[in-house]
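Q: Structure file start-v1.pdb, PDB, C-alpha atoms and all ligand atoms, is pasted below:
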```
ATOM      1  CA  MET A 676     -57.961 -17.394  29.354
ATOM      2  CA  ASN A 677     -56.313 -19.458  32.126
ATOM      3  CA  ASP A 678     -55.030 -17.977  35.430
ATOM      4  CA  ARG A 679     -51.408 -17.760  34.292
ATOM      5  CA  LYS A 680     -52.344 -15.879  31.111
ATOM      6  CA  ARG A 681     -54.614 -13.518  33.058
ATOM      7  CA  TRP A 682     -51.792 -12.830  35.544
ATOM      8  CA  LEU A 683     -49.301 -12.237  32.719
ATOM      9  CA  THR A 684     -51.692  -9.849  30.983
ATOM     10  CA  GLU A 685     -52.119  -7.828  34.212
ATOM     11  CA  GLN A 686     -48.364  -7.726  34.836
ATOM     12  CA  ILE A 687     -47.678  -6.618  31.261
ATOM     13  CA  ASP A 688     -50.252  -3.875  31.628
ATOM     14  CA  GLN A 689     -48.714  -2.595  34.883
ATOM     15  CA  LEU A 690     -45.167  -2.739  33.545
ATOM     16  CA  ARG A 691     -46.011  -0.859  30.362
ATOM     17  CA  ARG A 692     -47.559   2.001  32.387
ATOM     18  CA  LYS A 693     -44.707   2.088  34.909
ATOM     19  CA  LYS A 694     -42.007   2.095  32.229
ATOM     20  CA  ASN A 695     -43.792   4.289  29.661
ATOM     21  CA  ALA A 696     -43.627   1.486  27.088
ATOM     22  CA  VAL A 697     -45.784   0.911  24.038
ATOM     23  CA  ILE A 698     -46.550  -2.580  22.716
ATOM     24  CA  LEU A 699     -46.854  -2.804  18.933
ATOM     25  CA  ALA A 700     -48.091  -6.144  17.569
ATOM     26  CA  HIS A 701     -48.322  -7.503  14.042
ATOM     27  CA  TYR A 702     -51.546  -9.227  12.943
ATOM     28  CA  TYR A 703     -49.696 -12.558  12.838
ATOM     29  CA  GLN A 704     -49.030 -12.610  16.584
ATOM     30  CA  ASN A 705     -50.856 -14.976  18.935
ATOM     31  CA  GLN A 706     -54.327 -13.831  19.914
ATOM     32  CA  GLU A 707     -53.389 -13.045  23.531
ATOM     33  CA  ILE A 708     -50.498 -10.830  22.396
ATOM     34  CA  GLN A 709     -52.788  -8.957  19.995
ATOM     35  CA  ASP A 710     -55.271  -8.469  22.832
ATOM     36  CA  VAL A 711     -52.726  -6.950  25.221
ATOM     37  CA  ALA A 712     -51.036  -4.731  22.584
ATOM     38  CA  ASP A 713     -51.553  -0.968  22.418
ATOM     39  CA  PHE A 714     -51.732  -1.213  18.674
ATOM     40  CA  VAL A 715     -52.141  -4.080  16.176
ATOM     41  CA  GLY A 716     -51.378  -3.505  12.509
ATOM     42  CA  ASP A 717     -49.509  -4.395   9.339
ATOM     43  CA  SER A 718     -45.872  -3.564   8.737
ATOM     44  CA  LEU A 719     -46.624  -0.056   7.390
ATOM     45  CA  ASP A 720     -49.067   0.822  10.197
ATOM     46  CA  LEU A 721     -46.533  -0.359  12.760
ATOM     47  CA  SER A 722     -43.710   1.691  11.207
ATOM     48  CA  ARG A 723     -45.950   4.756  11.371
ATOM     49  CA  LYS A 724     -46.824   4.057  15.002
ATOM     50  CA  ALA A 725     -43.124   3.676  15.778
ATOM     51  CA  VAL A 726     -42.575   7.192  14.403
ATOM     52  CA  GLU A 727     -45.506   8.720  16.276
ATOM     53  CA  THR A 728     -45.029   7.206  19.713
ATOM     54  CA  SER A 729     -43.892   9.304  22.665
ATOM     55  CA  ALA A 730     -43.192   6.149  24.712
ATOM     56  CA  GLU A 731     -39.622   5.647  25.918
ATOM     57  CA  ILE A 732     -39.632   1.918  25.219
ATOM     58  CA  ILE A 733     -41.068   0.182  22.141
ATOM     59  CA  VAL A 734     -41.847  -3.494  22.602
ATOM     60  CA  PHE A 735     -42.241  -4.954  19.147
ATOM     61  CA  ALA A 736     -44.289  -8.130  19.062
ATOM     62  CA  GLY A 737     -43.413  -9.182  15.550
ATOM     63  CA  VAL A 738     -40.306 -10.382  13.746
ATOM     64  CA  HIS A 739     -36.758  -9.027  13.754
ATOM     65  CA  PHE A 740     -36.870  -6.871  10.603
ATOM     66  CA  MET A 741     -39.979  -5.081  11.967
ATOM     67  CA  ALA A 742     -38.392  -4.317  15.350
ATOM     68  CA  GLU A 743     -35.197  -3.283  13.578
ATOM     69  CA  THR A 744     -37.199  -0.849  11.412
ATOM     70  CA  ALA A 745     -38.668   0.646  14.603
ATOM     71  CA  LYS A 746     -35.095   1.061  15.920
ATOM     72  CA  ILE A 747     -33.952   2.750  12.691
ATOM     73  CA  LEU A 748     -36.827   5.200  13.106
ATOM     74  CA  ASN A 749     -36.077   5.679  16.834
ATOM     75  CA  PRO A 750     -32.317   5.369  17.301
ATOM     76  CA  ASP A 751     -32.466   6.938  20.767
ATOM     77  CA  LYS A 752     -35.231   4.702  22.109
ATOM     78  CA  LYS A 753     -35.034   1.254  23.581
ATOM     79  CA  VAL A 754     -36.623  -1.225  21.165
ATOM     80  CA  LEU A 755     -37.333  -4.702  22.533
ATOM     81  CA  LEU A 756     -38.264  -7.928  20.736
ATOM     82  CA  PRO A 757     -39.620 -10.741  22.977
ATOM     83  CA  ASP A 758     -37.493 -13.352  21.175
ATOM     84  CA  LEU A 759     -34.502 -12.476  18.997
ATOM     85  CA  GLU A 760     -35.032 -15.768  17.130
ATOM     86  CA  ALA A 761     -38.140 -14.265  15.504
ATOM     87  CA  GLY A 762     -36.650 -14.126  12.009
ATOM     88  CA  CYS A 763     -38.270 -14.228   8.571
ATOM     89  CA  SER A 764     -37.770 -16.842   5.848
ATOM     90  CA  LEU A 765     -38.245 -14.155   3.198
ATOM     91  CA  ALA A 766     -35.719 -11.691   4.655
ATOM     92  CA  ASP A 767     -33.323 -14.652   4.953
ATOM     93  CA  SER A 768     -33.787 -15.937   1.408
ATOM     94  CA  GLY A 769     -30.262 -14.724   0.648
ATOM     95  CA  SER A 770     -27.148 -13.877   2.642
ATOM     96  CA  THR A 771     -26.263 -10.226   3.202
ATOM     97  CA  PHE A 772     -23.207 -10.816   1.032
ATOM     98  CA  ASP A 773     -25.242 -12.230  -1.863
ATOM     99  CA  TYR A 774     -27.832  -9.451  -1.661
ATOM    100  CA  LYS A 775     -25.064  -6.848  -1.756
ATOM    101  CA  ILE A 776     -23.413  -8.440  -4.793
ATOM    102  CA  PHE A 777     -26.829  -8.601  -6.515
ATOM    103  CA  LEU A 778     -27.414  -4.886  -5.833
ATOM    104  CA  GLU A 779     -23.908  -3.970  -6.989
ATOM    105  CA  LEU A 780     -24.391  -5.927 -10.224
ATOM    106  CA  HIS A 781     -27.489  -3.798 -10.834
ATOM    107  CA  SER A 782     -26.106  -0.475  -9.609
ATOM    108  CA  ASP A 783     -27.466   1.245 -12.733
ATOM    109  CA  CYS A 784     -31.017   0.535 -11.450
ATOM    110  CA  VAL A 785     -33.187   2.219  -8.832
ATOM    111  CA  SER A 786     -33.177  -0.281  -5.963
ATOM    112  CA  VAL A 787     -36.291  -1.085  -3.946
ATOM    113  CA  ALA A 788     -36.109  -3.248  -0.815
ATOM    114  CA  TYR A 789     -39.238  -4.851   0.572
ATOM    115  CA  ILE A 790     -39.433  -4.019   4.295
ATOM    116  CA  ASN A 791     -38.831  -7.757   4.925
ATOM    117  CA  SER A 792     -35.065  -7.229   4.734
ATOM    118  CA  SER A 793     -32.242  -6.389   7.124
ATOM    119  CA  ALA A 794     -31.058  -2.866   7.971
ATOM    120  CA  GLU A 795     -27.841  -3.536   6.066
ATOM    121  CA  ILE A 796     -29.777  -4.227   2.867
ATOM    122  CA  LYS A 797     -32.144  -1.296   3.374
ATOM    123  CA  ALA A 798     -29.064   0.911   3.853
ATOM    124  CA  GLN A 799     -27.913   0.010   0.357
ATOM    125  CA  CYS A 800     -31.251   0.682  -1.376
ATOM    126  CA  ASP A 801     -32.980   3.790  -2.741
ATOM    127  CA  TYR A 802     -36.446   2.901  -1.468
ATOM    128  CA  VAL A 803     -38.077   0.664   1.076
ATOM    129  CA  CYS A 804     -41.674  -0.457   0.550
ATOM    130  CA  THR A 805     -44.283  -2.581   2.293
ATOM    131  CA  SER A 806     -47.074  -4.606   0.718
ATOM    132  CA  SER A 807     -49.424  -1.637   1.376
ATOM    133  CA  ASN A 808     -47.483   0.917  -0.626
ATOM    134  CA  ALA A 809     -45.217  -1.051  -2.999
ATOM    135  CA  ALA A 810     -47.209  -0.227  -6.167
ATOM    136  CA  LYS A 811     -47.229   3.489  -5.300
ATOM    137  CA  ILE A 812     -43.472   3.496  -4.712
ATOM    138  CA  ILE A 813     -42.772   1.666  -7.997
ATOM    139  CA  GLN A 814     -45.072   4.029  -9.924
ATOM    140  CA  SER A 815     -43.220   7.050  -8.509
ATOM    141  CA  ILE A 816     -39.939   5.953 -10.135
ATOM    142  CA  PRO A 817     -39.283   7.736 -13.462
ATOM    143  CA  GLU A 818     -40.229   5.574 -16.491
ATOM    144  CA  ASN A 819     -36.742   5.808 -17.964
ATOM    145  CA  ARG A 820     -35.107   4.177 -14.916
ATOM    146  CA  LYS A 821     -34.600   0.430 -14.548
ATOM    147  CA  ILE A 822     -35.680  -1.092 -11.228
ATOM    148  CA  VAL A 823     -34.181  -3.870  -9.124
ATOM    149  CA  PHE A 824     -36.439  -5.340  -6.421
ATOM    150  CA  LEU A 825     -35.634  -7.690  -3.546
ATOM    151  CA  PRO A 826     -36.147 -10.124  -1.903
ATOM    152  CA  ASP A 827     -39.706 -11.333  -2.768
ATOM    153  CA  LYS A 828     -40.166 -12.688  -6.308
ATOM    154  CA  ASN A 829     -43.923 -13.236  -5.811
ATOM    155  CA  LEU A 830     -44.614  -9.673  -4.695
ATOM    156  CA  GLY A 831     -42.195  -8.556  -7.437
ATOM    157  CA  LYS A 832     -44.096 -10.449 -10.173
ATOM    158  CA  TYR A 833     -47.389  -9.127  -8.853
ATOM    159  CA  LEU A 834     -46.021  -5.554  -8.978
ATOM    160  CA  ILE A 835     -44.744  -5.987 -12.526
ATOM    161  CA  GLN A 836     -48.242  -7.034 -13.551
ATOM    162  CA  LYS A 837     -49.968  -4.291 -11.565
ATOM    163  CA  THR A 838     -47.729  -1.359 -12.501
ATOM    164  CA  GLY A 839     -46.598  -2.464 -15.972
ATOM    165  CA  ARG A 840     -42.992  -1.718 -14.938
ATOM    166  CA  GLU A 841     -40.218  -4.180 -15.728
ATOM    167  CA  MET A 842     -38.156  -5.123 -12.685
ATOM    168  CA  ILE A 843     -35.166  -7.339 -12.017
ATOM    169  CA  LEU A 844     -36.148  -9.645  -9.144
ATOM    170  CA  TRP A 845     -34.283 -11.530  -6.448
ATOM    171  CA  ASP A 846     -35.466 -15.149  -6.294
ATOM    172  CA  GLY A 847     -36.828 -15.128  -2.706
ATOM    173  CA  ALA A 848     -40.161 -16.142  -1.205
ATOM    174  CA  CYS A 849     -41.980 -16.454   2.113
ATOM    175  CA  ALA A 850     -42.175 -20.086   3.251
ATOM    176  CA  VAL A 851     -45.705 -19.547   4.580
ATOM    177  CA  HIS A 852     -47.306 -17.679   1.682
ATOM    178  CA  GLU A 853     -45.685 -19.780  -0.997
ATOM    179  CA  ALA A 854     -47.066 -22.965   0.541
ATOM    180  CA  PHE A 855     -50.789 -22.345  -0.057
ATOM    181  CA  SER A 856     -52.275 -25.265  -1.954
ATOM    182  CA  VAL A 857     -54.145 -24.546  -5.199
ATOM    183  CA  SER A 858     -55.870 -27.959  -5.160
ATOM    184  CA  LYS A 859     -57.048 -27.483  -1.554
ATOM    185  CA  LEU A 860     -58.249 -24.004  -2.446
ATOM    186  CA  MET A 861     -60.223 -25.574  -5.325
ATOM    187  CA  SER A 862     -61.903 -27.953  -2.879
ATOM    188  CA  LEU A 863     -62.858 -24.995  -0.678
ATOM    189  CA  VAL A 864     -64.252 -23.140  -3.697
ATOM    190  CA  LEU A 865     -66.474 -26.161  -4.440
ATOM    191  CA  ALA A 866     -67.666 -26.227  -0.824
ATOM    192  CA  PHE A 867     -68.129 -22.424  -0.605
ATOM    193  CA  PRO A 868     -68.936 -21.291  -4.160
ATOM    194  CA  LYS A 869     -69.964 -17.786  -3.052
ATOM    195  CA  ALA A 870     -66.821 -17.158  -0.998
ATOM    196  CA  LYS A 871     -64.462 -14.369  -1.971
ATOM    197  CA  ILE A 872     -60.794 -15.398  -2.265
ATOM    198  CA  LEU A 873     -58.397 -12.932  -0.617
ATOM    199  CA  ALA A 874     -54.622 -13.230  -0.793
ATOM    200  CA  HIS A 875     -51.505 -11.433   0.392
ATOM    201  CA  PRO A 876     -49.210 -10.522  -2.550
ATOM    202  CA  GLU A 877     -46.427 -12.728  -1.138
ATOM    203  CA  SER A 878     -48.535 -15.721  -2.267
ATOM    204  CA  SER A 879     -47.621 -17.658  -5.409
ATOM    205  CA  PRO A 880     -48.829 -16.399  -8.839
ATOM    206  CA  ALA A 881     -51.138 -19.449  -9.065
ATOM    207  CA  ILE A 882     -52.974 -18.347  -5.902
ATOM    208  CA  LEU A 883     -52.933 -14.650  -6.846
ATOM    209  CA  ARG A 884     -54.526 -15.447 -10.243
ATOM    210  CA  LEU A 885     -57.485 -16.999  -8.415
ATOM    211  CA  ALA A 886     -57.881 -14.188  -5.871
ATOM    212  CA  ASN A 887     -60.804 -11.740  -6.008
ATOM    213  CA  PHE A 888     -58.718  -9.321  -3.969
ATOM    214  CA  VAL A 889     -54.979  -8.993  -3.311
ATOM    215  CA  GLY A 890     -53.688  -6.759  -0.527
ATOM    216  CA  SER A 891     -51.627  -6.260   2.597
ATOM    217  CA  THR A 892     -52.889  -7.723   5.863
ATOM    218  CA  SER A 893     -54.631  -4.425   6.747
ATOM    219  CA  ALA A 894     -56.262  -4.291   3.321
ATOM    220  CA  LEU A 895     -57.499  -7.899   3.632
ATOM    221  CA  LEU A 896     -58.983  -7.092   7.053
ATOM    222  CA  ARG A 897     -60.705  -4.003   5.648
ATOM    223  CA  TYR A 898     -62.078  -6.028   2.729
ATOM    224  CA  VAL A 899     -63.629  -8.659   5.019
ATOM    225  CA  THR A 900     -65.144  -5.921   7.202
ATOM    226  CA  GLU A 901     -66.549  -3.798   4.376
ATOM    227  CA  ASN A 902     -67.447  -6.297   1.634
ATOM    228  CA  GLU A 903     -71.019  -7.523   1.612
ATOM    229  CA  SER A 904     -70.080 -11.190   1.042
ATOM    230  CA  GLU A 905     -70.624 -13.580   3.915
ATOM    231  CA  GLU A 906     -67.809 -16.066   3.192
ATOM    232  CA  PHE A 907     -64.090 -15.510   2.674
ATOM    233  CA  LEU A 908     -61.122 -17.781   1.926
ATOM    234  CA  ILE A 909     -57.980 -16.161   3.301
ATOM    235  CA  GLY A 910     -54.508 -16.548   1.778
ATOM    236  CA  THR A 911     -52.284 -15.114   4.467
ATOM    237  CA  GLU A 912     -50.979 -16.092   7.891
ATOM    238  CA  ALA A 913     -53.786 -17.354  10.132
ATOM    239  CA  GLY A 914     -53.107 -14.834  12.964
ATOM    240  CA  ILE A 915     -55.078 -12.206  11.008
ATOM    241  CA  LEU A 916     -58.235 -14.267  11.523
ATOM    242  CA  HIS A 917     -58.450 -13.022  15.111
ATOM    243  CA  GLN A 918     -59.020  -9.389  14.050
ATOM    244  CA  MET A 919     -61.280 -10.542  11.191
ATOM    245  CA  HIS A 920     -63.503 -12.452  13.630
ATOM    246  CA  LEU A 921     -63.600  -9.434  15.973
ATOM    247  CA  ALA A 922     -64.461  -7.044  13.137
ATOM    248  CA  ALA A 923     -66.952  -9.344  11.350
ATOM    249  CA  PRO A 924     -68.216 -11.876  13.919
ATOM    250  CA  ASN A 925     -71.041 -13.207  11.745
ATOM    251  CA  LYS A 926     -68.995 -13.906   8.643
ATOM    252  CA  THR A 927     -67.452 -17.251   7.684
ATOM    253  CA  ILE A 928     -63.687 -16.823   7.376
ATOM    254  CA  ILE A 929     -61.599 -19.820   6.340
ATOM    255  CA  PRO A 930     -57.793 -19.942   5.979
ATOM    256  CA  ILE A 931     -56.510 -21.448   2.725
ATOM    257  CA  PRO A 932     -54.589 -24.626   3.701
ATOM    258  CA  THR A 933     -50.984 -25.220   2.776
ATOM    259  CA  GLU A 934     -49.810 -28.256   0.781
ATOM    260  CA  GLU A 935     -48.558 -30.183   3.837
ATOM    261  CA  ASP A 936     -51.349 -29.110   6.127
ATOM    262  CA  ASN A 937     -53.855 -31.922   6.572
ATOM    263  CA  THR A 938     -54.741 -31.155  10.158
ATOM    264  CA  CYS A 939     -55.973 -27.757  11.297
ATOM    265  CA  ALA A 940     -56.075 -25.987   7.913
ATOM    266  CA  CYS A 941     -54.095 -23.149   9.452
ATOM    267  CA  SER A 942     -51.085 -21.549   7.950
ATOM    268  CA  GLU A 943     -48.882 -20.160  10.679
ATOM    269  CA  CYS A 944     -45.554 -18.331  10.573
ATOM    270  CA  ALA A 945     -43.278 -20.218  12.975
ATOM    271  CA  PHE A 946     -41.098 -17.100  13.337
ATOM    272  CA  MET A 947     -43.989 -14.883  14.427
ATOM    273  CA  LYS A 948     -45.196 -17.561  16.798
ATOM    274  CA  VAL A 949     -41.928 -17.830  18.780
ATOM    275  CA  ASN A 950     -43.153 -14.747  20.651
ATOM    276  CA  THR A 951     -45.389 -15.703  23.579
ATOM    277  CA  LEU A 952     -47.186 -13.809  26.332
ATOM    278  CA  GLU A 953     -44.630 -15.174  28.815
ATOM    279  CA  LYS A 954     -41.712 -13.871  26.706
ATOM    280  CA  LEU A 955     -43.459 -10.529  26.277
ATOM    281  CA  TYR A 956     -43.721 -10.220  30.059
ATOM    282  CA  GLN A 957     -40.079 -11.240  30.652
ATOM    283  CA  CYS A 958     -38.955  -8.838  27.960
ATOM    284  CA  LEU A 959     -40.778  -5.875  29.535
ATOM    285  CA  LEU A 960     -39.614  -6.852  33.008
ATOM    286  CA  HIS A 961     -35.914  -7.167  32.117
ATOM    287  CA  GLU A 962     -35.939  -4.722  29.185
ATOM    288  CA  SER A 963     -34.269  -7.406  27.114
ATOM    289  CA  PRO A 964     -33.668  -8.703  24.455
ATOM    290  CA  GLU A 965     -32.951  -5.319  22.950
ATOM    291  CA  ILE A 966     -32.462  -4.509  19.258
ATOM    292  CA  THR A 967     -29.036  -3.017  18.642
ATOM    293  CA  LEU A 968     -27.918  -1.374  15.444
ATOM    294  CA  ASP A 969     -24.713   0.058  14.022
ATOM    295  CA  PRO A 970     -25.524   3.834  14.054
ATOM    296  CA  GLU A 971     -23.973   4.342  10.604
ATOM    297  CA  ILE A 972     -26.107   1.573   9.069
ATOM    298  CA  GLY A 973     -29.127   2.963  10.925
ATOM    299  CA  ARG A 974     -28.563   6.442   9.432
ATOM    300  CA  LYS A 975     -28.206   5.036   5.914
ATOM    301  CA  ALA A 976     -31.241   2.737   6.271
ATOM    302  CA  LEU A 977     -33.383   5.623   7.519
ATOM    303  CA  LYS A 978     -33.187   7.457   4.162
ATOM    304  CA  PRO A 979     -35.079   4.883   2.017
ATOM    305  CA  ILE A 980     -37.572   4.286   4.851
ATOM    306  CA  GLN A 981     -38.182   8.029   5.178
ATOM    307  CA  ARG A 982     -38.654   8.279   1.385
ATOM    308  CA  MET A 983     -41.301   5.573   1.663
ATOM    309  CA  LEU A 984     -43.103   7.284   4.547
ATOM    310  CA  ASP A 985     -43.024  10.647   2.730
ATOM    311  CA  LEU A 986     -44.358   9.124  -0.506
ATOM    312  CA  ALA A 987     -47.002   6.820   0.891
TER
HETATM  313  P1  LIG A1001     -47.796  -6.810   5.865
HETATM  314  O1  LIG A1001     -47.076  -5.687   5.176
HETATM  315  O2  LIG A1001     -49.120  -7.054   5.248
HETATM  316  O3  LIG A1001     -47.841  -6.573   7.318
HETATM  317  O4  LIG A1001     -46.978  -8.147   5.622
HETATM  318  C1  LIG A1001     -45.821  -8.428   6.349
HETATM  319  C2  LIG A1001     -45.436  -9.835   6.225
HETATM  320  O5  LIG A1001     -44.433 -10.264   6.741
HETATM  321  C3  LIG A1001     -46.288 -10.687   5.454
HETATM  322  O6  LIG A1001     -45.814 -11.969   5.523
HETATM  323 FE1  LIG A1002     -41.579 -13.537   7.012
HETATM  324 FE2  LIG A1002     -43.392 -15.024   5.806
HETATM  325 FE3  LIG A1002     -43.368 -14.899   8.449
HETATM  326 FE4  LIG A1002     -44.142 -12.764   6.977
HETATM  327  S1  LIG A1002     -45.157 -14.760   7.147
HETATM  328  S2  LIG A1002     -42.766 -12.742   8.724
HETATM  329  S3  LIG A1002     -42.775 -12.965   5.214
HETATM  330  S4  LIG A1002     -41.746 -15.763   7.152
END
```
Just give me the structure as structure tokens.
A:
Amino acid sequence: MNDRKRWLTEQIDQLRRKKNAVILAHYYQNQEIQDVADFVGDSLDLSRKAVETSAEIIVFAGVHFMAETAKILNPDKKVLLPDLEAGCSLADSGSTFDYKIFLELHSDCVSVAYINSSAEIKAQCDYVCTSSNAAKIIQSIPENRKIVFLPDKNLGKYLIQKTGREMILWDGACAVHEAFSVSKLMSLVLAFPKAKILAHPESSPAILRLANFVGSTSALLRYVTENESEEFLIGTEAGILHQMHLAAPNKTIIPIPTEEDNTCACSECAFMKVNTLEKLYQCLLHESPEITLDPEIGRKALKPIQRMLDLA
């Protein structure tokens, strides 16, 4: 770590104590942000932490929909996001207007929104789910009810297969997870024939068919830590490799390359990576940028999130 990064880390630490702030970081954040965070986790873990915290300020090192979920759960707290440009290609795979029309067209169905969606869309749905609990949520819906799921078609197809429930799907996908290359994965399998293939359910069906294990980021981390194999090929954003290396330092952990990626074999979410240590420091110092939310939308969006937390 260079002098500037060390100084920033110290300043962040002092500011968080002085201001009674908690720093929540997603596994896809830069290594130095993960290292300074109070808690690192997947989207479900982070939602739970946002409920439990007694801190007055929540600094969310992640993307907008995650920080917005923390605000829905804590309407009276200040929720900060180091860079408001930290969006999500999946959440943005439709306009709010189009999503609403889609849900209205299927108003006879139970509606389930993946957490990668805006507060406005959550507010219109019956349930919210994350990749950790989606199957459980779907299985809890009475068999005689039709289900509409948005926005991720890959997670949706995976859930249809896993739960045996038919669902009407929005045609969205994550630009990072959908880009993993099957042919490059095949080359890795030839080079590491004993490696276990792990993939996040946002990956394409072609990748998921080849995976030995499919799970949320937390589940993939647990698998690497607990499984006796020595080699793993990872189909999710490369930020998770930091915690995998910390938890299993002697194991060989290789990210599955994307189609365009001929250089570092890393698959990185550009939205997650707009957050930097410098921006985290500035954000704590100035208590800005802050997540704001229409209170009425917040109240409506809380219901399906609370249903998820109660069920899962
Ligand atoms: P997790 O639920 O595993 O944290 O996934 C969130 C996400 O955005 C994956 O791309
Ligand atoms: Fe969104 Fe994909 Fe980035 Fe996750 S990895 S935050 S789904 S763009």
Q: Carefully work through the PyMOL selection byres (((chain A and resi 796) around 12) and not hetatm) for this structure and note down the residues it includes, as a PyMOL selection string.
A: chain A and resi 740+744+766-767+769-779+786-795+797-803+824-826+972-973+975-977+979-980
Q: For the atom pair atom C2 of ligand LIG 1001 (chain A) and atom CA of Lys821 of chain A, what is the interatomic distance in Å to one decimal place?
A: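 Spanning atom C2 of ligand LIG 1001 (chain A) to atom CA of Lys821 of chain A is a straight-line distance of 25.6 Å.
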Q: Show me a table, sorted first by chain and then by increasing residue number, of the residues of chain A having an atom at most 8 Å from ligand LIG 1001 (chain A), each with its shortest atom pair and the distance in Å to one decimal, counting all atoms listed in the file and written as JSON lines.
A:
```
{"residue": "A:His701", "atom": "CA", "partner": "A:LIG1001", "partner_atom": "O3", "distance": 6.8}
{"residue": "A:Tyr702", "atom": "CA", "partner": "A:LIG1001", "partner_atom": "O3", "distance": 7.2}
{"residue": "A:Gly716", "atom": "CA", "partner": "A:LIG1001", "partner_atom": "O3", "distance": 7.0}
{"residue": "A:Asp717", "atom": "CA", "partner": "A:LIG1001", "partner_atom": "O3", "distance": 3.4}
{"residue": "A:Ser718", "atom": "CA", "partner": "A:LIG1001", "partner_atom": "O3", "distance": 3.9}
{"residue": "A:Leu719", "atom": "CA", "partner": "A:LIG1001", "partner_atom": "O1", "distance": 6.1}
{"residue": "A:Cys763", "atom": "CA", "partner": "A:LIG1001", "partner_atom": "O5", "distance": 7.6}
{"residue": "A:Ile790", "atom": "CA", "partner": "A:LIG1001", "partner_atom": "O1", "distance": 7.9}
{"residue": "A:Asn791", "atom": "CA", "partner": "A:LIG1001", "partner_atom": "O5", "distance": 6.4}
{"residue": "A:Thr805", "atom": "CA", "partner": "A:LIG1001", "partner_atom": "O1", "distance": 5.1}
{"residue": "A:Ser806", "atom": "CA", "partner": "A:LIG1001", "partner_atom": "O1", "distance": 4.6}
{"residue": "A:Ser807", "atom": "CA", "partner": "A:LIG1001", "partner_atom": "O1", "distance": 6.0}
{"residue": "A:Cys849", "atom": "CA", "partner": "A:LIG1001", "partner_atom": "O6", "distance": 6.8}
{"residue": "A:Val851", "atom": "CA", "partner": "A:LIG1001", "partner_atom": "O6", "distance": 7.6}
{"residue": "A:His852", "atom": "CA", "partner": "A:LIG1001", "partner_atom": "O6", "distance": 7.0}
{"residue": "A:His875", "atom": "CA", "partner": "A:LIG1001", "partner_atom": "O2", "distance": 7.0}
{"residue": "A:Glu877", "atom": "CA", "partner": "A:LIG1001", "partner_atom": "O6", "distance": 6.7}
{"residue": "A:Gly890", "atom": "CA", "partner": "A:LIG1001", "partner_atom": "O2", "distance": 7.4}
{"residue": "A:Ser891", "atom": "CA", "partner": "A:LIG1001", "partner_atom": "O2", "distance": 3.7}
{"residue": "A:Thr892", "atom": "CA", "partner": "A:LIG1001", "partner_atom": "O2", "distance": 3.9}
{"residue": "A:Ser893", "atom": "CA", "partner": "A:LIG1001", "partner_atom": "O2", "distance": 6.3}
{"residue": "A:Ala894", "atom": "CA", "partner": "A:LIG1001", "partner_atom": "O2", "distance": 7.9}
{"residue": "A:Thr911", "atom": "CA", "partner": "A:LIG1001", "partner_atom": "O6", "distance": 7.3}
{"residue": "A:Glu912", "atom": "CA", "partner": "A:LIG1001", "partner_atom": "O6", "distance": 7.0}
```
Q: With only C-alpha atoms and all ligand atoms as the atoms that count, which of A:Pro868, A:Pro932, A:Pro970, A:Gly914 lies nearest to ligand LIG 1002 (chain A)?
A: A:Gly914
Q: Using only C-alpha atoms and all ligand atoms, which of A:Asn887, A:Gln836, A:Gln918, A:Ser768 sits nearest ligand LIG 1002 (chain A)?
A: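 Under the stated criterion, the closest residue is A:Ser768.
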Q: What residues come out when you apply the PyMOL selection byres (((chain A and resi 731) around 10) and not hetatm) to this file, written as a list in words?
A: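 Expected selection for the PyMOL selection byres (((chain A and resi 731) around 10) and not hetatm) here is Lys694, Asn695, Ala696, Val697, Thr728, Ser729, Ala730, Ile732, Ile733, Val734, Asn749, Asp751, Lys752, Lys753 and Val754 of chain A.
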Q: Mind giving me the straight-line distance from atom CA of Gln814 of chain A to atom CA of Leu895 of chain A in Å, one decimal?
A: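 Value for the atom CA of Gln814 of chain A-atom CA of Leu895 of chain A distance: 21.9 Å.
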Q: Could you list, as a PyMOL selection string, every residue matched by the PyMOL selection byres (((chain A and resi 934) around 7) and not hetatm) in this structure?
A: chain A and resi 854-856+932-933+935-936
Q: Around ligand LIG 1002 (chain A), with edges along x, y and z and 8 Å added on all six sides, what centre and edge lengths do you get, in Å to one decimal, as JSON?
A:
```
{"center_x": -43.4, "center_y": -14.3, "center_z": 7.0, "size_x": 19.6, "size_y": 19.0, "size_z": 19.5}
```
Q: Using all atoms listed in the file, which of the listed residues (A:Asn902, A:Ser942, A:Ser879, A:Asn677) sits closest to ligand LIG 1002 (chain A)?
A: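 Nearest to ligand LIG 1002 (chain A): A:Ser942.
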Q: Tell me which of A:Asp710, A:Glu841, A:Glu906, A:Asp846 sits closest to Ile687 of chain A, counting only C-alpha atoms.
A: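 Smallest distance to Ile687 of chain A is found for A:Asp710.
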Q: Using atom CA of Arg679 of chain A and atom CA of Asn950 of chain A as the two end points, give the distance in Å to one decimal.
A: 16.2 Å
Q: Is there a way to get, as a VMD selection string, all residues within 10 Å of the point (-37.5, -10.2, 19.3) in file coordinates, counting all atoms listed in the file?
A: chain A and resid 734 to 743 754 to 762 946 to 947 949 to 950 954 to 955 958 963 to 966
Q: I want to know what sits within 12 Å of Leu986 of chain A, based on only C-alpha atoms, with residues of the same chain fewer than 2 positions away left out; could you give that as a ChimeraX atom specification?
A: /A:802-804,808-816,979-984
Q: So which one's closest to Arg681 of chain A, A:Phe907, A:Arg884, A:Leu968, A:Leu952? Using all atoms listed in the file, please.
A: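 Checking each of A:Phe907, A:Arg884, A:Leu968, A:Leu952 against Arg681 of chain A, counting all atoms listed in the file, the winner is A:Leu952.
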Q: Quick one: of A:Trp682, A:Phe888, A:Tyr703, A:Phe714, who's nearest to ligand LIG 1002 (chain A), counting all atoms listed in the file?
A: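 Smallest distance to ligand LIG 1002 (chain A) is found for A:Tyr703.
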